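Shown below: data-v3.txt, with compact mmCIF, C-alpha atoms.
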```txt
# COMPACT_ATOMS: atom_id res chain seq x y z
CA MET A 1 -3.17 32.68 30.96
CA ALA A 2 -2.00 31.57 27.53
CA LEU A 3 -4.67 31.04 24.92
CA VAL A 4 -4.52 27.73 23.04
CA LYS A 5 -6.11 27.56 19.59
CA PHE A 6 -6.56 24.51 17.40
CA THR A 7 -6.70 23.70 13.71
CA TYR A 8 -10.24 23.02 12.48
CA ALA A 9 -8.99 19.58 11.35
CA LEU A 10 -8.88 18.36 14.96
CA LYS A 11 -12.55 19.20 15.44
CA ARG A 12 -13.44 16.16 13.34
CA PHE A 13 -12.24 14.02 16.24
CA PHE A 14 -13.00 16.40 19.11
CA PRO A 15 -16.14 18.31 18.09
CA LYS A 16 -16.22 20.36 21.30
CA LEU A 17 -12.65 21.59 20.87
CA THR A 18 -12.50 25.37 21.19
CA ASP A 19 -10.06 28.14 22.16
CA THR A 20 -8.93 27.25 25.66
CA GLU A 21 -7.03 29.21 28.28
CA ALA A 22 -4.25 27.40 30.10
CA GLY A 23 -2.17 28.42 33.09
CA GLY A 24 0.75 26.03 32.64
CA LYS A 25 4.24 27.50 32.60
CA THR A 26 5.64 25.04 30.02
CA LEU A 27 4.24 23.77 26.75
CA LYS A 28 4.10 20.27 28.22
CA ALA A 29 2.06 21.56 31.20
CA VAL A 30 -0.28 23.39 28.83
CA LEU A 31 -0.86 20.24 26.81
CA ASP A 32 -1.56 18.30 30.01
CA GLU A 33 -4.27 20.83 30.84
CA ILE A 34 -5.74 20.49 27.36
CA GLU A 35 -5.70 16.70 27.73
CA ALA A 36 -7.70 17.00 30.94
CA SER A 37 -10.37 19.01 29.11
CA TYR A 38 -10.35 16.89 25.94
CA PRO A 39 -9.19 13.36 26.84
CA GLY A 40 -7.15 11.77 24.07
CA VAL A 41 -6.27 14.92 22.16
CA THR A 42 -2.58 14.90 23.03
CA ARG A 43 -2.19 11.47 21.41
CA TYR A 44 -3.15 13.20 18.17
CA VAL A 45 -0.54 15.90 18.65
CA LEU A 46 2.34 13.96 20.28
CA ASP A 47 3.80 10.54 19.49
CA ASP A 48 4.47 7.62 21.88
CA GLN A 49 7.62 9.29 23.18
CA GLY A 50 6.02 12.69 23.74
CA ARG A 51 7.51 14.31 20.66
CA LEU A 52 5.50 16.56 18.39
CA ARG A 53 4.19 14.42 15.49
CA GLN A 54 6.03 14.92 12.23
CA HIS A 55 3.16 16.63 10.42
CA VAL A 56 1.93 18.74 13.32
CA ASN A 57 3.20 22.22 14.14
CA ILE A 58 2.87 24.45 17.16
CA PHE A 59 3.23 28.23 16.79
CA ILE A 60 3.76 30.53 19.75
CA ASP A 61 2.72 34.10 18.92
CA GLY A 62 3.16 33.35 15.25
CA VAL A 63 6.57 31.69 15.54
CA MET A 64 7.00 27.94 14.99
CA ILE A 65 8.49 26.15 17.98
CA LYS A 66 12.06 24.89 17.63
CA ASP A 67 12.17 22.07 20.16
CA ARG A 68 9.87 19.38 18.79
CA ASN A 69 11.27 16.69 21.09
CA THR A 70 10.94 18.06 24.62
CA LEU A 71 8.71 21.09 23.91
CA SER A 72 10.87 23.52 25.85
CA ASP A 73 10.13 26.68 23.82
CA PRO A 74 9.27 29.56 26.19
CA PHE A 75 6.13 31.71 26.01
CA GLN A 76 4.53 34.65 27.81
CA GLU A 77 1.57 34.71 30.13
CA ASN A 78 -0.61 36.23 27.42
CA SER A 79 0.84 34.23 24.50
CA GLU A 80 -1.25 32.63 21.81
CA ILE A 81 -0.37 28.97 21.25
CA TYR A 82 -1.66 27.64 17.96
CA ILE A 83 -1.73 23.88 17.25
CA MET A 84 -2.00 23.20 13.54
CA GLN A 85 -1.36 20.57 10.92
CA ALA A 86 1.26 20.71 8.23
CA LEU A 87 -0.18 20.82 4.73
CA SER A 88 0.88 17.50 3.28
CA GLY A 89 -0.34 14.31 1.64
CA GLY A 90 -2.96 13.72 -1.02
CA MET B 7 -19.08 -18.37 1.33
CA LYS B 8 -19.17 -15.77 4.07
CA SER B 9 -21.36 -12.90 3.00
CA THR B 10 -19.39 -9.84 4.12
CA LEU B 11 -16.18 -8.30 2.81
CA LEU B 12 -14.25 -5.75 4.86
CA LEU B 13 -11.87 -3.47 3.01
CA GLY B 14 -9.14 -1.27 4.39
CA THR B 15 -8.46 1.41 1.81
CA ARG B 16 -6.46 4.60 1.42
CA LYS B 17 -9.64 6.62 1.86
CA GLY B 18 -11.68 4.72 4.40
CA PHE B 19 -13.20 1.53 5.80
CA ILE B 20 -15.62 -0.15 3.38
CA ALA B 21 -17.90 -3.15 3.90
CA TYR B 22 -19.70 -5.06 1.17
CA THR B 23 -22.52 -7.56 1.68
CA PHE B 24 -23.48 -10.35 -0.73
CA ARG B 25 -27.22 -10.14 -1.31
CA ASN B 26 -29.36 -11.36 -4.21
CA ASN B 27 -26.25 -12.64 -5.93
CA LYS B 28 -24.58 -9.22 -5.84
CA TRP B 29 -22.01 -7.48 -3.69
CA ILE B 30 -23.63 -4.36 -2.26
CA LEU B 31 -21.86 -1.62 -0.33
CA GLU B 32 -23.13 -1.90 3.24
CA ASN B 33 -20.96 0.55 5.13
CA CYS B 34 -18.37 3.24 4.50
CA SER B 35 -16.73 4.67 7.60
CA PHE B 36 -13.92 7.18 8.19
CA GLU B 37 -14.12 8.62 4.69
CA GLY B 38 -10.78 10.09 3.72
CA VAL B 39 -8.80 8.31 6.45
CA PRO B 40 -6.27 5.63 5.42
CA ILE B 41 -7.21 2.25 6.94
CA SER B 42 -4.20 -0.07 6.97
CA ILE B 43 -6.21 -3.07 8.21
CA ALA B 44 -9.96 -3.65 8.35
CA TYR B 45 -10.52 -6.61 10.64
CA ALA B 46 -13.51 -8.59 11.88
CA ASP B 47 -13.04 -10.76 14.95
CA PRO B 48 -14.89 -13.97 14.07
CA ARG B 49 -15.39 -14.81 17.76
CA ASN B 50 -17.71 -11.89 18.50
CA GLY B 51 -18.30 -10.00 15.25
CA THR B 52 -16.49 -6.87 16.41
CA TRP B 53 -15.11 -4.81 13.54
CA TRP B 54 -11.74 -3.11 13.92
CA ALA B 55 -10.24 -0.29 11.87
CA CYS B 56 -6.51 0.33 12.09
CA GLN B 57 -6.16 3.96 11.04
CA ASP B 58 -3.10 5.70 9.70
CA HIS B 59 -3.83 9.41 9.94
CA GLY B 60 -1.21 11.29 7.98
CA HIS B 61 -1.03 14.05 10.57
CA TRP B 62 -2.35 12.60 13.80
CA GLY B 63 -0.68 9.19 13.94
CA VAL B 64 -2.17 5.72 14.15
CA LYS B 65 -5.55 5.28 15.80
CA LEU B 66 -7.57 2.19 16.61
CA GLN B 67 -11.36 2.06 16.30
CA ARG B 68 -13.85 -0.71 17.02
CA SER B 69 -17.51 -1.23 16.24
CA LYS B 70 -19.89 -3.71 17.80
CA ASP B 71 -22.78 -2.85 15.47
CA ARG B 72 -21.31 -3.45 12.02
CA GLY B 73 -19.99 0.05 11.57
CA GLN B 74 -23.08 1.98 12.69
CA SER B 75 -21.05 3.44 15.54
CA TRP B 76 -17.36 3.36 16.39
CA GLU B 77 -15.38 3.75 19.58
CA GLU B 78 -11.75 4.84 19.64
CA VAL B 79 -9.55 2.74 21.88
CA ILE B 80 -5.94 3.50 22.73
CA ALA B 81 -3.70 2.25 19.94
CA PRO B 82 -0.58 0.23 20.70
CA ALA B 83 2.13 2.57 21.98
CA TYR B 84 5.78 1.94 22.76
CA PRO B 85 6.86 2.41 26.37
CA GLU B 86 8.77 5.57 27.16
CA GLY B 87 12.43 5.33 26.25
CA GLU B 88 12.16 2.43 23.79
CA GLU B 89 14.30 2.73 20.69
CA VAL B 90 14.17 1.15 17.24
CA LYS B 91 17.91 1.49 17.03
CA ASP B 92 20.29 3.42 19.22
CA GLY B 93 19.20 7.05 19.02
CA VAL B 94 15.97 6.34 17.09
CA PRO B 95 12.96 6.61 19.43
CA ALA B 96 10.22 4.00 18.95
CA THR B 97 6.72 5.15 18.17
CA THR B 98 3.93 3.21 16.47
CA ARG B 99 4.14 4.31 12.85
CA TYR B 100 1.73 1.80 11.32
CA MET B 101 -0.50 -1.07 12.38
CA TRP B 102 0.21 -3.72 9.78
CA SER B 103 -1.51 -6.88 11.05
CA MET B 104 -4.20 -7.98 13.45
CA ALA B 105 -5.27 -11.40 14.72
CA HIS B 106 -7.48 -12.77 17.44
CA GLY B 107 -6.01 -14.96 20.17
CA GLY B 108 -8.26 -17.96 19.60
CA LYS B 109 -11.16 -19.70 21.29
CA ASN B 110 -9.28 -20.42 24.50
CA HIS B 111 -8.09 -16.84 24.95
CA THR B 112 -11.35 -15.04 24.32
CA SER B 113 -10.06 -11.62 25.39
CA ARG B 114 -6.75 -11.82 23.52
CA LEU B 115 -5.85 -9.81 20.41
CA TRP B 116 -2.56 -9.38 18.60
CA ILE B 117 -1.38 -6.37 16.56
CA GLY B 118 1.84 -6.18 14.56
CA THR B 119 3.40 -2.78 13.93
CA ASP B 120 6.05 -0.81 12.14
CA PRO B 121 8.70 -0.34 13.66
CA GLY B 122 8.75 -4.06 14.48
CA GLY B 123 6.93 -4.41 17.77
CA LEU B 124 4.26 -7.03 18.41
CA PHE B 125 1.50 -6.00 20.82
CA VAL B 126 -0.96 -8.11 22.76
CA SER B 127 -4.20 -7.26 24.48
CA GLU B 128 -5.70 -9.51 27.14
CA ASP B 129 -8.78 -7.33 27.66
CA GLU B 130 -10.55 -7.40 24.30
CA GLY B 131 -8.49 -4.53 22.94
CA ASN B 132 -9.06 -1.99 25.69
CA SER B 133 -5.28 -1.84 26.15
CA PHE B 134 -2.27 -3.28 24.34
CA GLN B 135 1.16 -4.15 25.72
CA LEU B 136 4.43 -4.52 23.83
CA VAL B 137 5.62 -8.16 23.67
CA GLU B 138 8.97 -7.51 25.31
CA SER B 139 10.52 -10.90 24.54
CA LEU B 140 10.33 -10.25 20.79
CA TRP B 141 11.28 -6.58 21.09
CA GLN B 142 14.36 -7.61 23.11
CA HIS B 143 15.26 -10.39 20.65
CA PRO B 144 19.04 -10.29 20.17
CA THR B 145 18.72 -10.11 16.38
CA ARG B 146 16.37 -7.10 16.28
CA LYS B 147 18.52 -4.00 16.47
CA GLU B 148 21.21 -5.20 14.06
CA GLY B 149 19.51 -7.91 12.01
CA TRP B 150 16.10 -6.38 11.18
CA PHE B 151 15.57 -3.55 8.71
CA GLY B 152 12.90 -1.90 6.61
CA GLY B 153 11.41 -3.52 3.52
CA GLY B 154 8.57 -1.74 1.76
CA ARG B 155 8.54 0.60 4.73
CA ASP B 156 11.44 2.56 6.21
CA LEU B 157 11.62 0.49 9.39
CA PRO B 158 10.92 -3.20 10.13
CA GLY B 159 7.27 -4.18 10.36
CA ILE B 160 5.17 -7.20 11.40
CA HIS B 161 2.61 -7.87 8.67
CA SER B 162 1.68 -11.49 9.43
CA ILE B 163 0.36 -13.10 12.62
CA VAL B 164 -0.60 -16.76 12.24
CA VAL B 165 -2.22 -18.32 15.32
CA ASP B 166 -2.34 -22.12 15.34
CA PRO B 167 -5.95 -23.15 16.07
CA ARG B 168 -4.74 -26.44 17.62
CA ASN B 169 -2.60 -24.60 20.19
CA GLU B 170 -3.23 -20.90 20.39
CA ASP B 171 0.07 -20.21 22.20
CA HIS B 172 1.78 -21.44 19.03
CA ILE B 173 2.17 -18.49 16.67
CA HIS B 174 4.19 -17.65 13.58
CA ILE B 175 4.81 -14.05 12.65
CA GLY B 176 6.22 -12.55 9.47
CA ILE B 177 8.52 -9.53 9.61
CA SER B 178 9.84 -7.43 6.72
CA CYS B 179 12.73 -7.54 6.86
CA ALA B 180 13.71 -10.21 9.36
CA GLY B 181 11.76 -13.30 8.35
CA VAL B 182 9.52 -15.77 10.13
CA PHE B 183 9.59 -16.12 13.91
CA GLU B 184 7.78 -18.71 16.02
CA THR B 185 6.63 -18.88 19.60
CA THR B 186 5.27 -22.00 21.28
CA ASP B 187 4.65 -20.37 24.66
CA GLY B 188 2.28 -17.53 23.85
CA GLY B 189 5.03 -15.03 23.11
CA LYS B 190 7.44 -15.61 25.99
CA SER B 191 10.23 -16.82 23.69
CA TRP B 192 10.88 -16.79 19.96
CA ALA B 193 12.72 -18.99 17.46
CA ILE B 194 13.78 -18.05 13.93
CA CYS B 195 12.21 -20.09 11.11
CA ASN B 196 13.99 -19.03 7.94
CA LYS B 197 15.60 -22.30 6.87
CA GLY B 198 15.36 -22.69 3.11
CA LEU B 199 14.52 -19.05 2.41
CA ARG B 200 16.76 -16.94 0.21
CA ALA B 201 17.41 -13.23 0.61
CA ASP B 202 18.90 -12.52 -2.81
CA PHE B 203 19.26 -8.83 -1.94
CA LEU B 204 21.78 -9.52 0.86
CA PRO B 205 25.49 -10.23 0.49
CA ASP B 206 24.75 -13.61 2.13
CA PRO B 207 21.34 -14.82 0.85
CA ASN B 208 21.22 -17.56 3.49
CA GLN B 209 21.67 -15.24 6.45
CA GLU B 210 19.72 -16.17 9.58
CA THR B 211 17.63 -12.96 9.57
CA GLY B 212 17.01 -10.15 7.09
CA HIS B 213 14.55 -12.14 4.96
CA ASP B 214 11.55 -10.48 3.39
CA PRO B 215 8.41 -12.61 3.58
CA HIS B 216 5.84 -10.24 2.10
CA ILE B 217 3.07 -12.28 3.71
CA VAL B 218 2.86 -15.57 5.64
CA VAL B 219 -0.31 -17.67 5.86
CA ALA B 220 -1.22 -21.16 7.10
CA ALA B 221 -3.71 -23.59 5.61
CA PRO B 222 -6.81 -23.75 7.83
CA SER B 223 -7.16 -27.47 7.09
CA ASN B 224 -3.55 -28.18 8.09
CA PRO B 225 -1.80 -25.46 10.11
CA ASP B 226 1.59 -27.14 9.53
CA ALA B 227 1.24 -26.22 5.86
CA LEU B 228 2.49 -22.66 5.65
CA TRP B 229 2.91 -20.52 2.57
CA GLN B 230 4.63 -17.24 1.95
CA GLN B 231 4.92 -14.84 -0.93
CA ASN B 232 8.45 -13.69 -0.35
CA HIS B 233 10.35 -10.87 -2.03
CA CYS B 234 12.51 -13.59 -3.59
CA GLY B 235 9.81 -16.04 -4.67
CA ILE B 236 6.99 -18.19 -3.37
CA PHE B 237 7.89 -20.55 -0.53
CA ARG B 238 6.01 -23.38 1.11
CA SER B 239 6.55 -25.40 4.26
CA THR B 240 4.91 -28.71 5.12
CA ASP B 241 6.50 -29.05 8.55
CA GLY B 242 5.36 -25.99 10.47
CA ALA B 243 7.98 -23.59 9.04
CA ARG B 244 10.97 -25.70 10.07
CA ASN B 245 11.95 -25.91 6.39
CA TRP B 246 10.87 -23.83 3.43
CA GLN B 247 10.89 -24.89 -0.24
CA ASP B 248 10.93 -22.48 -3.17
CA VAL B 249 7.86 -23.30 -5.31
CA SER B 250 8.13 -20.35 -7.70
CA GLU B 251 7.88 -20.84 -11.43
CA PRO B 252 11.36 -20.56 -12.96
CA GLU B 253 10.01 -18.88 -16.09
CA GLY B 254 6.30 -18.20 -15.50
CA PRO B 255 4.66 -15.28 -13.70
CA ALA B 256 4.21 -17.01 -10.32
CA ARG B 257 7.32 -15.62 -8.69
CA PHE B 258 7.36 -12.00 -7.51
CA GLY B 259 4.37 -10.45 -5.78
CA PHE B 260 2.98 -9.52 -2.40
CA ALA B 261 -0.17 -11.52 -1.67
CA ILE B 262 -0.96 -15.20 -1.16
CA ALA B 263 -4.12 -17.04 -0.08
CA VAL B 264 -4.62 -20.73 0.77
CA ALA B 265 -7.82 -22.69 0.30
CA ASP B 266 -9.83 -23.44 3.45
CA ASP B 267 -10.25 -27.08 2.53
CA ASN B 268 -7.02 -27.96 0.75
CA PRO B 269 -3.52 -27.19 2.04
CA ASP B 270 -2.08 -27.75 -1.44
CA GLN B 271 -4.24 -25.15 -3.16
CA ALA B 272 -3.10 -21.51 -3.12
CA TRP B 273 -3.43 -18.32 -5.11
CA VAL B 274 -0.86 -15.60 -5.77
CA ALA B 275 -1.10 -12.24 -7.52
CA PRO B 276 2.08 -11.91 -9.59
CA ALA B 277 3.70 -8.55 -10.30
CA ASP B 278 6.43 -7.52 -12.68
CA SER B 279 9.66 -7.76 -10.66
CA ASP B 280 10.71 -5.81 -7.65
CA VAL B 281 12.08 -3.14 -9.97
CA ASN B 282 8.80 -2.25 -11.74
CA ARG B 283 6.02 -3.45 -9.40
CA THR B 284 3.33 -3.23 -12.07
CA ALA B 285 1.02 -5.75 -13.75
CA ILE B 286 3.04 -8.09 -15.96
CA LYS B 287 2.95 -6.87 -19.59
CA GLY B 288 -0.02 -4.65 -18.74
CA ALA B 289 -2.25 -7.64 -17.96
CA LEU B 290 -3.69 -8.74 -14.63
CA VAL B 291 -3.28 -12.39 -13.70
CA ILE B 292 -3.91 -14.53 -10.64
CA CYS B 293 -2.05 -17.86 -10.46
CA ARG B 294 -3.34 -20.92 -8.64
CA THR B 295 -1.62 -24.13 -7.68
CA ASP B 296 -3.61 -27.28 -6.91
CA ASP B 297 -0.61 -29.47 -6.17
CA GLY B 298 1.35 -27.72 -3.45
CA GLY B 299 3.26 -25.46 -5.81
CA LYS B 300 4.53 -28.06 -8.28
CA SER B 301 2.59 -26.31 -11.04
CA TRP B 302 0.72 -23.03 -11.43
CA LYS B 303 -2.28 -22.23 -13.59
CA GLN B 304 -2.81 -18.71 -14.96
CA LEU B 305 -6.32 -17.36 -14.28
CA ARG B 306 -7.19 -14.40 -16.52
CA ASN B 307 -10.84 -14.84 -17.51
CA GLY B 308 -12.61 -11.59 -16.70
CA LEU B 309 -9.47 -9.69 -15.70
CA PRO B 310 -8.09 -6.73 -17.74
CA GLN B 311 -5.48 -7.91 -20.22
CA GLU B 312 -4.18 -4.60 -21.56
CA ASN B 313 -3.24 -1.13 -20.32
CA CYS B 314 -3.30 -2.30 -16.73
CA PHE B 315 -0.97 -1.17 -13.94
CA ASP B 316 -2.62 -2.83 -10.94
CA ILE B 317 -0.76 -4.84 -8.38
CA VAL B 318 -2.20 -6.49 -5.27
CA TYR B 319 -0.95 -5.58 -1.81
CA ARG B 320 -0.14 -8.27 0.75
CA HIS B 321 -3.41 -8.30 2.66
CA ALA B 322 -5.67 -7.85 -0.35
CA LEU B 323 -6.11 -11.39 -1.73
CA VAL B 324 -8.41 -13.74 0.19
CA SER B 325 -10.35 -16.95 -0.32
CA ASN B 326 -13.35 -18.49 1.40
CA GLY B 327 -14.83 -21.74 0.13
CA ASP B 328 -15.01 -21.44 -3.65
CA ALA B 329 -14.88 -17.65 -3.49
CA VAL B 330 -11.72 -15.65 -4.13
CA VAL B 331 -11.54 -11.86 -3.89
CA PHE B 332 -8.73 -9.41 -4.49
CA GLY B 333 -8.32 -5.65 -4.53
CA THR B 334 -5.66 -3.62 -6.28
CA THR B 335 -3.49 -0.56 -5.89
CA THR B 336 -5.65 1.31 -8.40
CA GLY B 337 -8.91 0.57 -6.63
CA ASN B 338 -10.27 -2.35 -8.61
CA LEU B 339 -12.09 -5.07 -6.67
CA PHE B 340 -12.58 -8.50 -8.27
CA PHE B 341 -14.60 -11.54 -7.19
CA SER B 342 -14.46 -15.12 -8.41
CA PRO B 343 -17.19 -17.58 -7.40
CA ASP B 344 -15.23 -20.57 -8.74
CA ARG B 345 -11.73 -20.50 -7.25
CA GLY B 346 -10.40 -18.04 -9.81
CA GLU B 347 -11.60 -19.66 -13.04
CA ASN B 348 -13.81 -16.64 -13.77
CA TRP B 349 -13.68 -13.11 -12.41
CA GLN B 350 -16.30 -10.42 -11.97
CA VAL B 351 -15.80 -6.77 -11.17
CA ILE B 352 -17.27 -5.61 -7.87
CA ASN B 353 -16.06 -2.01 -8.27
CA ASN B 354 -13.56 -0.21 -10.54
CA TYR B 355 -13.56 3.07 -8.65
CA LEU B 356 -12.41 2.39 -5.12
CA PRO B 357 -9.42 3.98 -3.40
CA MET B 358 -6.15 2.02 -3.25
CA ILE B 359 -6.96 -1.21 -1.42
CA TYR B 360 -4.74 -2.24 1.50
CA SER B 361 -6.63 -5.13 3.08
CA ILE B 362 -9.59 -7.46 2.54
CA GLN B 363 -11.21 -9.96 4.86
CA PHE B 364 -14.19 -12.28 4.51
CA ALA B 365 -16.50 -12.00 7.52
CA ASP B 366 -19.89 -13.23 8.64
```
Whole structure given in structure tokens:
Amino acid sequence: MALVKFTYALKRFFPKLTDTEAGGKTLKAVLDEIEASYPGVTRYVLDDQGRLRQHVNIFIDGVMIKDRNTLSDPFQENSEIYIMQALSGG
Amino acid sequence: MKSTLLLGTRKGFIAYTFRNNKWILENCSFEGVPISIAYADPRNGTWWACQDHGHWGVKLQRSKDRGQSWEEVIAPAYPEGEEVKDGVPATTRYMWSMAHGGKNHTSRLWIGTDPGGLFVSEDEGNSFQLVESLWQHPTRKEGWFGGGRDLPGIHSIVVDPRNEDHIHIGISCAGVFETTDGGKSWAICNKGLRADFLPDPNQETGHDPHIVVAAPSNPDALWQQNHCGIFRSTDGARNWQDVSEPEGPARFGFAIAVADDNPDQAWVAPADSDVNRTAIKGALVICRTDDGGKSWKQLRNGLPQENCFDIVYRHALVSNGDAVVFGTTTGNLFFSPDRGENWQVINNYLPMIYSIQFAD
């Protein structure tokens, strides 16, 4: 199972959000599992067309994903998937 | 005068209440979150907050207890595969206008967005659908473009209280569009406008009405503060006349408000040209016409007249009875009890103000 971790910033909207194991084989499948546990959270991470939002990043084992449009970056069964915000704005 | 003011600001949703002859802060919600539009539905008192999270996208919140508690509802979203232009996927980037559907459509709400889609809800805002007829309008992909924002946006939704299927919308940049069948079909209403920034200023679309409003006492009297001046229509937007001052300050700006009880009385908040976009000569002024735009009076009493950089965004100047209120880009909020003759400060230390509405 991959372990999904979240930026603390998302906990403002989803107070129960915590490290979550997911069995999906693709990033999209993992996010679907997370959505089932925390309804609405993927709308914060992805836009209307399912692309990663401009100021959101996903790291797999410390490496930023490359495919922000279809989320096809591969990962291992024991990978750590970290959903974080870009540092921007004022 | 209605006794509540709702403010959408860069750092939250703020409500003021008029009590004992003073405006008192009643509610501050979503501190730190940009609120593009703070809206109260006069039919049922529900408050709406259109949020523009920098990281997490647009979100829509509603409160049925004057901001004591909020419920997130699903914000307008573009159907899978929709494109702004060929190769540019459509996603809701900003909610720029909100209006209720009227007394005969009690569950209907409208929301206008960047990148140019109009959305309608028929279930009190529980879900919103893209108005396909406008999105598929033959002029959209080639004839609409960004103005103020990178992509086209709908900032004005004017529902005719005599026939609530009759609606005018304002799009920057495209112009004014009209439906008479509740959004099934759309006509262009830009006759008489000038787009000085285009090679052909009289082009059918590509106009930049910064805001479009109708007079409550005569919905055929429409006004707009346009990028290229102030325009007025007395025939339901079939024809527009330029009523800007040739030399005076009433020309460039973003906001306009029309009196409830007089279709010939309107206020604008002039700014120094589209190049500078600051207060004119460092002084804040509101201009009012009492004669349908033939002449404009400068209203400065109580407003800062030196070292001032404020301008007023398009949704941040409102009137109600004798009261006029406006908020500025530098967080100043002013109130006039006498149609702009005299101004009082409500607060000098607010965030940048995006929208204001009078509410019950």
Non-local contacts of Gln49 in chain A (7 Å; all atoms listed in the file; under 4 positions in same chain excluded) as a PyMOL selection string: chain B and resi 86-87+97
Test item: chain B residues at most 9 Å from chain A, counting all atoms listed in the file, as a list in words: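 Residues passing the distance filter: Gly60, His61, Trp62, Gly63, Val64, Lys65, Ile80, Ala83, Tyr84, Pro85, Glu86, Gly87, Glu88, Pro95, Ala96, Thr97 and Thr98 of chain B.
Separating CA of Gly154 in chain B from CA of Trp273 in chain B is a distance of 21.6 Å.
Closest approach to Val94 in chain B among B:Arg114, B:Arg68, B:Arg294, B:Lys147: B:Lys147, based on only C-alpha atoms.
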Pairwise distance for CA of Gly149 in chain B and CA of Ala243 in chain B, rounded to one decimal in Å: 19.7 Å
Contact residues around Pro276 in chain B with only C-alpha atoms at 9 Å, ignoring same-chain residues under 4 positions, as a PyMOL selection string: chain B and resi 255-261+285-286+290-293+317-318
Separation of CA of Ala46 in chain B from CA of Phe24 in chain B in Å: 16.2 Å
Top pick for closest residue to Asn348 in chain B, considering B:Ser191, B:Asn307, B:Ser127, B:Ser139 and counting only C-alpha atoms: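 Among the listed residues, B:Asn307 lies closest to Asn348 in chain B.
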7 Å contact set for Phe59 in chain A, all atoms listed in the file, chain neighbours under 5 positions out, as an MDAnalysis selection string: chainID A and resid 64:65 81:83
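Using all atoms listed in the file, every residue with an atom at most 10 Å from the point (1.3, 19.5, 29.9) is listed here: Ala22, Gly24, Lys25, Thr26, Leu27, Lys28, Ala29, Val30, Leu31, Asp32, Glu33, Ile34, Glu35, Ala36, Thr42 and Leu71 of chain A.
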Radius query 7 Å about (10.1, -7.5, 16.4), atoms used: all atoms listed in the file, as JSON, numbers by chain: {"B": [122, 123, 124, 140, 141, 146]}
Closest of B:Glu128, B:Asp267, B:Arg320, B:Gly38 to Ser178 in chain B - atom-to-atom distances counting all atoms listed in the file: B:Arg320
Pick from B:His59, B:Arg244, B:Arg49, B:Arg200, whichever lies nearest to Lys17 in chain B using all atoms listed in the file: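 Nearest candidate to Lys17 in chain B out of B:His59, B:Arg244, B:Arg49, B:Arg200: B:His59.
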Residues within 8 Å of Glu77 in chain A, all atoms listed in the file, excluding chain neighbours under 6 positions, as an NGL selection string: :A and (1-2 or 23)
Top pick for closest residue to Asn245 in chain B, considering B:Asp280, B:Asp120, B:Glu170, B:Asp226 and counting all atoms listed in the file: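 For Asn245 in chain B, the nearest of the candidates is B:Asp226.
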Asp19 in chain A environment, 10 Å, only C-alpha atoms, sequence neighbours closer than 2 positions dropped, as a compact mmCIF listing (two decimals) with C-alpha atoms, in the coordinates of the input:
```txt
# COMPACT_ATOMS: atom_id res chain seq x y z
CA LEU A 3 -4.67 31.04 24.92
CA VAL A 4 -4.52 27.73 23.04
CA LYS A 5 -6.11 27.56 19.59
CA PHE A 6 -6.56 24.51 17.40
CA LYS A 16 -16.22 20.36 21.30
CA LEU A 17 -12.65 21.59 20.87
CA GLU A 21 -7.03 29.21 28.28
CA ALA A 22 -4.25 27.40 30.10
CA GLU A 80 -1.25 32.63 21.81
CA ILE A 81 -0.37 28.97 21.25
CA TYR A 82 -1.66 27.64 17.96
```
N, CA, C and O atoms are what I want for range 277-283 of chain B; can you complete it accordingly and write them as an mmCIF file, keeping the file's coordinate frame?
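After the write, out.cif holds the following:
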```
data_model
loop_
_atom_site.group_PDB
_atom_site.id
_atom_site.type_symbol
_atom_site.label_atom_id
_atom_site.label_comp_id
_atom_site.auth_asym_id
_atom_site.auth_seq_id
_atom_site.Cartn_x
_atom_site.Cartn_y
_atom_site.Cartn_z
ATOM 1 N N ALA B 277 3.369 -9.897 -9.834
ATOM 2 C CA ALA B 277 3.700 -8.550 -10.300
ATOM 3 C C ALA B 277 5.005 -8.605 -11.063
ATOM 4 O O ALA B 277 5.764 -9.579 -10.952
ATOM 5 N N ASP B 278 5.243 -7.567 -11.844
ATOM 6 C CA ASP B 278 6.430 -7.520 -12.680
ATOM 7 C C ASP B 278 7.631 -7.065 -11.857
ATOM 8 O O ASP B 278 7.858 -5.867 -11.719
ATOM 9 N N SER B 279 8.353 -7.986 -11.294
ATOM 10 C CA SER B 279 9.660 -7.760 -10.660
ATOM 11 C C SER B 279 9.642 -6.706 -9.565
ATOM 12 O O SER B 279 8.779 -5.841 -9.530
ATOM 13 N N ASP B 280 10.618 -6.803 -8.709
ATOM 14 C CA ASP B 280 10.710 -5.810 -7.650
ATOM 15 C C ASP B 280 11.168 -4.459 -8.177
ATOM 16 O O ASP B 280 11.090 -3.458 -7.468
ATOM 17 N N VAL B 281 11.641 -4.412 -9.403
ATOM 18 C CA VAL B 281 12.080 -3.140 -9.970
ATOM 19 C C VAL B 281 10.874 -2.323 -10.438
ATOM 20 O O VAL B 281 10.754 -1.135 -10.147
ATOM 21 N N ASN B 282 9.940 -2.981 -11.164
ATOM 22 C CA ASN B 282 8.800 -2.250 -11.740
ATOM 23 C C ASN B 282 7.579 -2.212 -10.820
ATOM 24 O O ASN B 282 6.913 -1.197 -10.692
ATOM 25 N N ARG B 283 7.213 -3.359 -10.261
ATOM 26 C CA ARG B 283 6.020 -3.450 -9.400
ATOM 27 C C ARG B 283 4.768 -2.941 -10.122
ATOM 28 O O ARG B 283 4.064 -2.053 -9.639
#
```
